[in-house]
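Peer 1: Structure file structure-v3.pdb (PDB, C-alpha atoms) is given on the next line.
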```pdb
ATOM      1  CA  MET A   1     -44.966 -42.449  65.548
ATOM      2  CA  LYS A   2     -46.728 -39.281  64.618
ATOM      3  CA  LYS A   3     -43.856 -37.254  66.015
ATOM      4  CA  GLU A   4     -41.328 -39.189  63.934
ATOM      5  CA  PHE A   5     -43.408 -38.574  60.814
ATOM      6  CA  THR A   6     -43.565 -34.842  61.555
ATOM      7  CA  THR A   7     -39.859 -34.701  62.163
ATOM      8  CA  LEU A   8     -39.184 -36.645  58.978
ATOM      9  CA  ARG A   9     -41.611 -34.434  57.091
ATOM     10  CA  SER A  10     -40.034 -31.247  58.462
ATOM     11  CA  LEU A  11     -36.606 -32.629  57.656
ATOM     12  CA  ILE A  12     -37.622 -33.357  54.043
ATOM     13  CA  LEU A  13     -39.308 -29.975  53.725
ATOM     14  CA  GLY A  14     -36.251 -28.353  55.269
ATOM     15  CA  LYS A  15     -34.004 -30.016  52.679
ATOM     16  CA  GLU A  16     -36.338 -28.977  49.866
ATOM     17  CA  VAL A  17     -36.397 -25.397  51.088
ATOM     18  CA  LEU A  18     -32.622 -25.437  51.479
ATOM     19  CA  LEU A  19     -32.204 -26.862  47.958
ATOM     20  CA  LEU A  20     -34.650 -24.293  46.643
ATOM     21  CA  ILE A  21     -32.727 -21.458  48.295
ATOM     22  CA  ILE A  22     -29.416 -22.811  46.967
ATOM     23  CA  ALA A  23     -30.882 -23.194  43.462
ATOM     24  CA  LEU A  24     -32.288 -19.650  43.528
ATOM     25  CA  MET A  25     -28.977 -18.211  44.714
ATOM     26  CA  TYR A  26     -27.046 -20.117  42.061
ATOM     27  CA  HIS A  27     -29.572 -19.124  39.449
ATOM     28  CA  SER A  28     -29.458 -15.432  40.425
ATOM     29  CA  ILE A  29     -25.653 -15.445  40.573
ATOM     30  CA  GLY A  30     -25.560 -17.079  37.134
ATOM     31  CA  PHE A  31     -27.833 -14.409  35.676
ATOM     32  CA  SER A  32     -25.971 -11.532  37.233
ATOM     33  CA  GLN A  33     -22.664 -12.790  35.833
ATOM     34  CA  SER A  34     -23.848 -13.972  32.446
ATOM     35  CA  ASP A  35     -22.835 -12.028  29.399
ATOM     36  CA  SER A  36     -25.019 -10.255  26.942
ATOM     37  CA  THR A  37     -24.171 -10.346  23.260
ATOM     38  CA  VAL A  38     -24.236  -7.292  21.031
ATOM     39  CA  SER A  39     -23.969  -7.775  17.271
ATOM     40  CA  HIS A  40     -22.676  -5.204  14.804
ATOM     41  CA  TYR A  41     -22.768  -5.534  11.026
ATOM     42  CA  VAL A  42     -19.824  -3.805   9.387
ATOM     43  CA  THR A  43     -18.865  -3.623   5.710
ATOM     44  CA  PHE A  44     -15.290  -2.729   4.843
ATOM     45  CA  GLU A  45     -15.504  -1.295   1.340
ATOM     46  CA  SER A  46     -13.328   0.803  -0.952
ATOM     47  CA  ASP A  47     -14.795   3.661  -2.966
ATOM     48  CA  GLY A  48     -14.075   1.982  -6.285
ATOM     49  CA  PRO A  49     -10.618   0.738  -7.256
ATOM     50  CA  GLN A  50      -7.910   2.072  -4.972
ATOM     51  CA  PHE A  51      -4.187   2.015  -5.636
ATOM     52  CA  MET A  52      -2.526  -0.882  -3.812
ATOM     53  CA  TRP A  53       0.019   1.206  -1.953
ATOM     54  CA  GLY A  54      -2.186   4.127  -0.882
ATOM     55  CA  PRO A  55      -5.268   6.224  -1.566
ATOM     56  CA  GLU A  56      -3.689   8.241  -4.410
ATOM     57  CA  PRO A  57      -1.597   7.242  -7.427
ATOM     58  CA  GLY A  58       1.518   8.927  -6.076
ATOM     59  CA  LYS A  59       4.912   8.612  -7.655
ATOM     60  CA  GLY A  60       5.502   4.947  -6.992
ATOM     61  CA  ILE A  61       8.922   3.672  -7.949
ATOM     62  CA  ASN A  62       9.107   5.532 -11.275
ATOM     63  CA  ASP A  63      12.048   7.902 -11.080
ATOM     64  CA  THR A  64      15.033   9.246 -12.989
ATOM     65  CA  ILE A  65      18.293   9.781 -11.134
ATOM     66  CA  GLU A  66      21.009  11.764 -12.874
ATOM     67  CA  ILE A  67      24.426  10.278 -12.116
ATOM     68  CA  PHE A  68      26.427  12.988 -13.859
ATOM     69  CA  PRO A  69      25.373  15.902 -16.079
ATOM     70  CA  ARG A  70      26.018  16.366 -19.775
ATOM     71  CA  PHE A  71      29.586  17.066 -20.809
ATOM     72  CA  TYR A  72      29.963  18.796 -24.175
ATOM     73  CA  GLN A  73      32.932  20.209 -26.149
ATOM     74  CA  ASP A  74      32.854  21.885 -29.552
ATOM     75  CA  PHE A  75      35.980  22.740 -31.541
ATOM     76  CA  GLN A  76      35.463  24.810 -34.707
ATOM     77  CA  PHE A  77      37.981  25.936 -37.284
ATOM     78  CA  ASP A  78      37.620  28.043 -40.418
ATOM     79  CA  THR A  79      40.412  29.091 -42.797
ATOM     80  CA  ARG A  80      38.164  30.952 -45.247
ATOM     81  CA  PRO A  81      38.739  33.070 -47.211
ATOM     82  CA  GLY A  82      42.032  31.227 -46.963
ATOM     83  CA  SER A  83      44.680  31.700 -49.574
ATOM     84  CA  ILE A  84      43.692  33.975 -52.402
ATOM     85  CA  PHE A  85      45.871  34.179 -55.434
ATOM     86  CA  THR A  86      45.549  35.831 -58.761
ATOM     87  CA  PHE A  87      45.922  33.918 -61.981
ATOM     88  CA  GLY A  88      45.315  35.406 -65.361
ATOM     89  CA  GLY A  89      43.800  38.497 -63.803
ATOM     90  CA  LEU A  90      41.285  36.504 -61.910
ATOM     91  CA  LYS A  91      41.324  35.909 -58.201
ATOM     92  CA  PHE A  92      41.066  32.398 -56.951
ATOM     93  CA  GLY A  93      40.814  31.163 -53.389
ATOM     94  CA  ALA A  94      40.203  28.149 -51.283
ATOM     95  CA  GLY A  95      39.408  27.645 -47.679
ATOM     96  CA  LEU A  96      38.904  24.814 -45.280
ATOM     97  CA  TYR A  97      36.389  24.781 -42.447
ATOM     98  CA  GLY A  98      35.101  22.189 -40.045
ATOM     99  CA  GLY A  99      34.360  21.230 -36.558
ATOM    100  CA  PHE A 100      34.627  18.527 -34.036
ATOM    101  CA  GLU A 101      32.012  17.941 -31.356
ATOM    102  CA  PHE A 102      32.146  15.523 -28.502
ATOM    103  CA  GLY A 103      29.614  14.969 -25.749
ATOM    104  CA  LEU A 104      28.699  12.499 -23.041
ATOM    105  CA  GLY A 105      25.577  12.270 -20.992
ATOM    106  CA  PRO A 106      23.733  13.053 -19.047
ATOM    107  CA  MET A 107      24.152   9.631 -17.495
ATOM    108  CA  GLN A 108      20.876   8.599 -15.896
ATOM    109  CA  PHE A 109      19.446   5.673 -13.988
ATOM    110  CA  ARG A 110      15.808   5.510 -15.088
ATOM    111  CA  ILE A 111      12.877   3.490 -13.755
ATOM    112  CA  SER A 112       9.734   4.048 -15.810
ATOM    113  CA  ASP A 113       6.309   2.735 -16.792
ATOM    114  CA  PHE A 114       5.682   0.789 -13.601
ATOM    115  CA  GLU A 115       2.050   0.971 -12.481
ATOM    116  CA  LEU A 116       1.046   0.526  -8.864
ATOM    117  CA  GLY A 117      -1.873  -1.862  -9.360
ATOM    118  CA  SER A 118      -5.261  -1.514  -7.712
ATOM    119  CA  VAL A 119      -7.610  -3.251  -5.308
ATOM    120  CA  ASP A 120     -11.390  -3.087  -4.946
ATOM    121  CA  VAL A 121     -12.795  -4.468  -1.671
ATOM    122  CA  LYS A 122     -16.242  -5.277  -0.320
ATOM    123  CA  TYR A 123     -15.990  -7.286   2.901
ATOM    124  CA  PRO A 124     -19.138  -7.496   5.048
ATOM    125  CA  ILE A 125     -18.747  -9.030   8.506
ATOM    126  CA  LYS A 126     -20.849  -9.620  11.598
ATOM    127  CA  VAL A 127     -19.062  -8.879  14.870
ATOM    128  CA  ASP A 128     -20.457 -10.383  18.098
ATOM    129  CA  LEU A 129     -19.279  -8.772  21.323
ATOM    130  CA  SER A 130     -19.942 -10.674  24.562
ATOM    131  CA  ILE A 131     -19.957  -8.136  27.374
ATOM    132  CA  PRO A 132     -20.917  -8.440  31.054
ATOM    133  CA  ARG A 133     -24.441  -7.370  31.920
ATOM    134  CA  ASP A 134     -24.988  -4.008  33.543
ATOM    135  CA  SER A 135     -24.611  -3.967  37.319
ATOM    136  CA  SER A 136     -22.716  -7.281  37.276
ATOM    137  CA  PHE A 137     -19.402  -5.560  38.036
ATOM    138  CA  ASN A 138     -18.179  -2.657  40.082
ATOM    139  CA  ALA A 139     -15.759   0.161  39.417
ATOM    140  CA  GLY A 140     -12.222  -1.185  39.352
ATOM    141  CA  ASP A 141     -13.274  -4.759  38.569
ATOM    142  CA  THR A 142     -11.527  -6.540  35.736
ATOM    143  CA  ILE A 143     -13.991  -7.562  33.045
ATOM    144  CA  THR A 144     -13.599  -9.595  29.879
ATOM    145  CA  ILE A 145     -15.055  -8.582  26.537
ATOM    146  CA  LYS A 146     -15.014 -11.399  24.001
ATOM    147  CA  SER A 147     -15.354 -10.846  20.268
ATOM    148  CA  GLU A 148     -16.022 -13.083  17.292
ATOM    149  CA  TYR A 149     -16.650 -12.292  13.676
ATOM    150  CA  THR A 150     -18.074 -14.091  10.676
ATOM    151  CA  VAL A 151     -17.798 -13.089   7.063
ATOM    152  CA  GLU A 152     -21.215 -12.395   5.598
ATOM    153  CA  PRO A 153     -22.251 -13.386   2.048
ATOM    154  CA  GLY A 154     -21.436 -10.964  -0.764
ATOM    155  CA  TYR A 155     -17.749 -10.439  -0.091
ATOM    156  CA  GLU A 156     -15.466  -9.443  -3.000
ATOM    157  CA  LEU A 157     -11.773  -8.766  -3.430
ATOM    158  CA  ASN A 158     -10.728  -7.715  -6.935
ATOM    159  CA  THR A 159      -7.097  -6.908  -7.663
ATOM    160  CA  VAL A 160      -5.177  -5.650 -10.684
ATOM    161  CA  TYR A 161      -1.569  -6.709 -10.490
ATOM    162  CA  PRO A 162       1.018  -3.948 -10.990
ATOM    163  CA  LYS A 163       2.203  -3.627 -14.599
ATOM    164  CA  ASP A 164       5.881  -4.213 -15.229
ATOM    165  CA  GLY A 165       8.019  -1.368 -16.488
ATOM    166  CA  GLU A 166      11.549  -0.691 -17.580
ATOM    167  CA  ILE A 167      14.809  -0.130 -15.712
ATOM    168  CA  ALA A 168      17.640   1.449 -17.697
ATOM    169  CA  LEU A 169      21.072   2.984 -17.338
ATOM    170  CA  GLU A 170      21.384   5.555 -20.098
ATOM    171  CA  MET A 171      24.358   7.543 -21.339
ATOM    172  CA  PRO A 172      24.057   9.189 -24.741
ATOM    173  CA  ILE A 173      27.326   9.747 -26.600
ATOM    174  CA  LEU A 174      27.818  12.479 -29.212
ATOM    175  CA  PHE A 175      30.662  12.336 -31.702
ATOM    176  CA  ASP A 176      30.524  14.601 -34.759
ATOM    177  CA  ILE A 177      33.210  15.616 -37.259
ATOM    178  CA  ARG A 178      32.444  18.072 -40.046
ATOM    179  CA  VAL A 179      34.904  19.129 -42.724
ATOM    180  CA  GLY A 180      34.241  21.277 -45.764
ATOM    181  CA  THR A 181      36.065  23.265 -48.412
ATOM    182  CA  ALA A 182      35.078  26.413 -50.168
ATOM    183  CA  PHE A 183      36.438  27.548 -53.527
ATOM    184  CA  CYS A 184      35.978  30.945 -55.014
TER     185      CYS A 184
END
```
Go ahead and express the file in the form of C-alpha coordinates.
Peer 2:
Amino acid sequence: MKKEFTTLRSLILGKEVLLLIIALMYHSIGFSQSDSTVSHYVTFESDGPQFMWGPEPGKGINDTIEIFPRFYQDFQFDTRPGSIFTFGGLKFGAGLYGGFEFGLGPMQFRISDFELGSVDVKYPIKVDLSIPRDSSFNAGDTITIKSEYTVEPGYELNTVYPKDGEIALEMPILFDIRVGTAFC
(Lines of atoms letter the chains of each structure in order from A and count residues from 1; the text may use other names and numbers.)
(Lines give C-alpha, C1' and ligand atoms only; values in the text may rest on other atoms or scores of the structure.)
Protein backbone atom coordinates (compact mmCIF):
# COMPACT_ATOMS: atom_id res chain seq x y z
CA MET A 1 0.00 0.00 0.00
CA LYS A 2 2.93 2.25 0.63
CA LYS A 3 4.02 1.85 -2.97
CA GLU A 4 0.58 2.85 -4.25
CA PHE A 5 0.64 5.94 -2.04
CA THR A 6 4.08 6.92 -3.36
CA THR A 7 2.97 6.40 -6.92
CA LEU A 8 -0.19 8.39 -6.31
CA ARG A 9 1.82 11.09 -4.56
CA SER A 10 4.37 11.24 -7.39
CA LEU A 11 1.55 11.32 -9.90
CA ILE A 12 -0.12 14.26 -8.10
CA LEU A 13 3.20 16.05 -7.72
CA GLY A 14 3.95 15.34 -11.37
CA LYS A 15 0.64 16.92 -12.40
CA GLU A 16 1.27 19.92 -10.17
CA VAL A 17 4.74 20.40 -11.60
CA LEU A 18 3.37 19.99 -15.12
CA LEU A 19 0.60 22.53 -14.41
CA LEU A 20 3.15 24.86 -12.87
CA ILE A 21 5.39 24.60 -15.93
CA ILE A 22 2.42 25.17 -18.26
CA ALA A 23 1.26 28.16 -16.19
CA LEU A 24 4.76 29.68 -16.19
CA MET A 25 5.11 29.21 -19.94
CA TYR A 26 1.70 30.74 -20.59
CA HIS A 27 2.45 33.54 -18.19
CA SER A 28 5.84 34.29 -19.79
CA ILE A 29 4.38 34.11 -23.30
CA GLY A 30 1.60 36.48 -22.23
CA PHE A 31 4.11 38.99 -20.86
CA SER A 32 6.37 38.84 -23.87
CA GLN A 33 3.45 39.51 -26.22
CA SER A 34 1.57 42.04 -24.14
CA ASP A 35 1.53 45.62 -25.26
CA SER A 36 2.85 48.63 -23.49
CA THR A 37 0.94 51.89 -23.62
CA VAL A 38 2.57 55.23 -24.29
CA SER A 39 0.53 58.40 -23.74
CA HIS A 40 1.13 61.73 -25.44
CA TYR A 41 -0.64 64.98 -24.61
CA VAL A 42 -1.05 67.18 -27.66
CA THR A 43 -2.78 70.55 -28.00
CA PHE A 44 -3.82 71.69 -31.46
CA GLU A 45 -3.98 75.47 -31.19
CA SER A 46 -4.05 78.43 -33.57
CA ASP A 47 -1.94 81.51 -32.92
CA GLY A 48 -4.96 83.74 -32.42
CA PRO A 49 -7.75 84.03 -34.98
CA GLN A 50 -6.79 82.54 -38.33
CA PHE A 51 -8.59 83.08 -41.62
CA MET A 52 -10.89 80.15 -42.40
CA TRP A 53 -9.42 79.37 -45.80
CA GLY A 54 -5.71 79.72 -45.00
CA PRO A 55 -3.04 81.28 -42.82
CA GLU A 56 -3.16 84.71 -44.52
CA PRO A 57 -6.05 86.96 -45.58
CA GLY A 58 -5.34 86.45 -49.27
CA LYS A 59 -7.59 87.70 -52.01
CA GLY A 60 -10.57 85.49 -51.34
CA ILE A 61 -13.37 85.75 -53.86
CA ASN A 62 -13.26 89.55 -54.15
CA ASP A 63 -12.40 90.39 -57.73
CA THR A 64 -13.26 92.67 -60.64
CA ILE A 65 -13.36 91.20 -64.13
CA GLU A 66 -13.51 93.61 -67.05
CA ILE A 67 -15.78 92.24 -69.78
CA PHE A 68 -15.05 94.98 -72.30
CA PRO A 69 -13.14 98.27 -72.02
CA ARG A 70 -14.52 101.78 -72.16
CA PHE A 71 -15.78 102.99 -75.52
CA TYR A 72 -15.88 106.76 -75.93
CA GLN A 73 -16.70 109.13 -78.83
CA ASP A 74 -16.68 112.92 -78.80
CA PHE A 75 -18.02 115.05 -81.64
CA GLN A 76 -17.40 118.81 -81.39
CA PHE A 77 -18.53 121.60 -83.68
CA ASP A 78 -17.93 125.34 -83.58
CA THR A 79 -19.14 127.91 -86.13
CA ARG A 80 -17.71 130.95 -84.33
CA PRO A 81 -17.00 133.64 -85.29
CA GLY A 82 -19.72 132.58 -87.69
CA SER A 83 -21.45 135.10 -89.86
CA ILE A 84 -20.33 138.65 -89.30
CA PHE A 85 -22.27 141.44 -90.87
CA THR A 86 -22.14 145.16 -90.62
CA PHE A 87 -25.17 147.21 -89.74
CA GLY A 88 -25.08 150.90 -89.15
CA GLY A 89 -21.30 150.88 -89.14
CA LEU A 90 -21.17 148.33 -86.42
CA LYS A 91 -20.17 144.74 -86.86
CA PHE A 92 -22.44 142.07 -85.57
CA GLY A 93 -21.91 138.33 -85.48
CA ALA A 94 -23.29 135.12 -84.19
CA GLY A 95 -21.92 131.67 -83.87
CA LEU A 96 -23.07 128.28 -82.79
CA TYR A 97 -20.95 125.74 -80.94
CA GLY A 98 -21.59 122.46 -79.23
CA GLY A 99 -20.67 118.91 -78.78
CA PHE A 100 -21.97 115.46 -78.47
CA GLU A 101 -20.32 112.82 -76.30
CA PHE A 102 -21.20 109.19 -76.03
CA GLY A 103 -19.53 106.50 -73.96
CA LEU A 104 -20.10 102.99 -72.68
CA GLY A 105 -18.21 101.08 -70.08
CA PRO A 106 -16.04 99.70 -68.99
CA MET A 107 -18.39 96.79 -68.40
CA GLN A 108 -17.29 94.94 -65.29
CA PHE A 109 -18.36 91.95 -63.24
CA ARG A 110 -17.49 92.90 -59.66
CA ILE A 111 -17.45 90.85 -56.46
CA SER A 112 -16.58 92.97 -53.43
CA ASP A 113 -16.70 93.31 -49.65
CA PHE A 114 -16.76 89.59 -48.91
CA GLU A 115 -14.71 88.70 -45.83
CA LEU A 116 -13.20 85.27 -45.35
CA GLY A 117 -14.21 84.69 -41.72
CA SER A 118 -11.91 83.40 -39.01
CA VAL A 119 -11.43 80.50 -36.63
CA ASP A 120 -9.65 80.28 -33.28
CA VAL A 121 -8.89 76.75 -32.04
CA LYS A 122 -7.64 75.22 -28.81
CA TYR A 123 -8.08 71.44 -28.85
CA PRO A 124 -6.13 69.45 -26.24
CA ILE A 125 -6.14 65.66 -26.62
CA LYS A 126 -4.53 62.65 -24.99
CA VAL A 127 -3.30 60.02 -27.45
CA ASP A 128 -2.67 56.47 -26.16
CA LEU A 129 -0.50 54.27 -28.36
CA SER A 130 -0.48 50.53 -27.60
CA ILE A 131 2.76 49.12 -28.97
CA PRO A 132 4.39 45.69 -28.59
CA ARG A 133 7.02 45.42 -25.89
CA ASP A 134 10.67 45.45 -26.87
CA SER A 135 12.09 42.07 -27.86
CA SER A 136 8.59 40.63 -28.39
CA PHE A 137 9.00 40.68 -32.18
CA ASN A 138 11.74 40.10 -34.69
CA ALA A 139 12.83 41.92 -37.82
CA GLY A 140 10.29 41.35 -40.57
CA ASP A 141 7.45 40.49 -38.18
CA THR A 142 4.13 42.23 -38.68
CA ILE A 143 3.18 44.22 -35.60
CA THR A 144 0.06 46.17 -34.70
CA ILE A 145 0.11 49.63 -33.17
CA LYS A 146 -3.26 50.67 -31.77
CA SER A 147 -4.19 54.27 -31.04
CA GLU A 148 -6.98 55.96 -29.12
CA TYR A 149 -7.55 59.56 -28.23
CA THR A 150 -9.69 61.48 -25.78
CA VAL A 151 -10.44 65.16 -25.79
CA GLU A 152 -9.11 66.82 -22.66
CA PRO A 153 -10.96 69.58 -20.76
CA GLY A 154 -10.44 73.16 -21.92
CA TYR A 155 -11.20 72.75 -25.60
CA GLU A 156 -12.47 75.78 -27.57
CA LEU A 157 -13.55 76.43 -31.13
CA ASN A 158 -14.53 80.03 -31.89
CA THR A 159 -15.60 81.00 -35.39
CA VAL A 160 -16.56 84.25 -37.11
CA TYR A 161 -18.78 83.57 -40.07
CA PRO A 162 -17.74 85.21 -43.35
CA LYS A 163 -19.41 88.58 -43.96
CA ASP A 164 -21.61 88.85 -47.02
CA GLY A 165 -20.63 91.21 -49.80
CA GLU A 166 -21.92 92.46 -53.10
CA ILE A 167 -21.99 90.99 -56.60
CA ALA A 168 -22.62 93.44 -59.44
CA LEU A 169 -22.58 93.76 -63.20
CA GLU A 170 -21.71 97.37 -63.96
CA MET A 171 -21.76 99.32 -67.20
CA PRO A 172 -21.67 103.11 -66.95
CA ILE A 173 -23.27 104.99 -69.84
CA LEU A 174 -22.28 108.53 -70.84
CA PHE A 175 -24.54 110.68 -72.99
CA ASP A 176 -23.86 114.42 -73.17
CA ILE A 177 -25.11 117.08 -75.58
CA ARG A 178 -23.92 120.67 -75.30
CA VAL A 179 -25.12 123.52 -77.50
CA GLY A 180 -24.33 127.20 -77.16
CA THR A 181 -24.50 130.44 -79.11
CA ALA A 182 -22.23 133.41 -79.04
CA PHE A 183 -23.20 136.91 -80.14
CA CYS A 184 -20.83 139.74 -80.70
Peer 1: Using the chain letters and numbering of this document, enumerate as JSON, numbers by chain the residues selected by the PyMOL selection byres ((chain A and resi 163-180) around 12).
Peer 2: {"A": [60, 61, 62, 63, 64, 65, 66, 67, 68, 69, 70, 71, 72, 73, 74, 75, 76, 77, 78, 79, 80, 94, 95, 96, 97, 98, 99, 100, 101, 102, 103, 104, 105, 106, 107, 108, 109, 110, 111, 112, 113, 114, 115, 116, 117, 118, 160, 161, 162, 181, 182, 183]}
Peer 1: Go through the shown structure with the PyMOL selection byres ((chain A and resi 143-146) around 9) and write out the matching residues as a list in words.
Peer 2: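 That expression, the PyMOL selection byres ((chain A and resi 143-146) around 9), corresponds here to Asp35, Asp128, Leu129, Ser130, Ile131, Pro132, Phe137, Asp141, Thr142, Ser147 and Glu148 of chain A.
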Peer 1: Calculate how many Å separate atom CA of A:Phe44 from atom CA of A:Thr159, rounding to one decimal.
Peer 2: 15.5 Å
Peer 1: One number please: atom CA of A:Ile125 to atom CA of A:Phe51, in Å, one decimal.
Peer 2: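 The value is 23.1 Å.
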Peer 1: Taking all atoms listed in the file into account, which of A:Tyr149, A:Asp120, A:Gly154, A:Ser136 comes nearest A:Ser46?
Peer 2: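 Looking only at the distances to A:Ser46, the closest residue turns out to be A:Asp120.
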Peer 1: Using atom CA of A:Asn158 and atom CA of A:Val127 as the two end points, give the distance in Å to one decimal.
Peer 2: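 Separation between atom CA of A:Asn158 and atom CA of A:Val127: 23.4 Å.
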Peer 1: Can you pull out every residue within 10 Å of A:Lys91, counting all atoms listed in the file, but drop anything in the same chain fewer than 6 positions away, and send it as an MDAnalysis selection string?
Peer 2: chainID A and resid 84:85 184
Peer 1: Quick one: 3 Å padding each side, axis-aligned, all listed atoms of stretch 142-152 of chain A - centre and edge lengths in Å to one decimal, as AutoDock Vina command-line options?
Peer 2:
```
--center_x -16.4 --center_y -10.3 --center_z 20.7 --size_x 15.7 --size_y 13.6 --size_z 36.1
```
Peer 1: I need the residue nearest A:Tyr123 from this list: A:Leu90, A:Val151, A:Met52, A:Val38. Use all atoms listed in the file for the distance.
Peer 2: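 Nearest candidate to A:Tyr123 out of A:Leu90, A:Val151, A:Met52, A:Val38: A:Val151.
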Peer 1: For A:Gly48, which residue among A:Gly93, A:Ser83, A:Glu156, A:Thr150 is the nearest when counting all atoms listed in the file?
Peer 2: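 Of A:Gly93, A:Ser83, A:Glu156, A:Thr150, the one nearest A:Gly48 is A:Glu156, counting all atoms listed in the file.
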Peer 1: Exactly which residues make up the result of the PyMOL selection byres ((chain A and resi 42) around 6) on this file, given as a ChimeraX atom specification?
Peer 2: /A:41,43,124-125
Peer 1: For the selection just defined, write its residues with C-alpha atoms to a file, as a short mmCIF file (atom, residue, chain, number, x, y, z; two decimals), keeping the file's coordinate frame.
Peer 2:
```
data_model
loop_
_atom_site.label_atom_id
_atom_site.label_comp_id
_atom_site.auth_asym_id
_atom_site.auth_seq_id
_atom_site.Cartn_x
_atom_site.Cartn_y
_atom_site.Cartn_z
CA TYR A 41 -22.77 -5.53 11.03
CA THR A 43 -18.86 -3.62 5.71
CA PRO A 124 -19.14 -7.50 5.05
CA ILE A 125 -18.75 -9.03 8.51
#
```
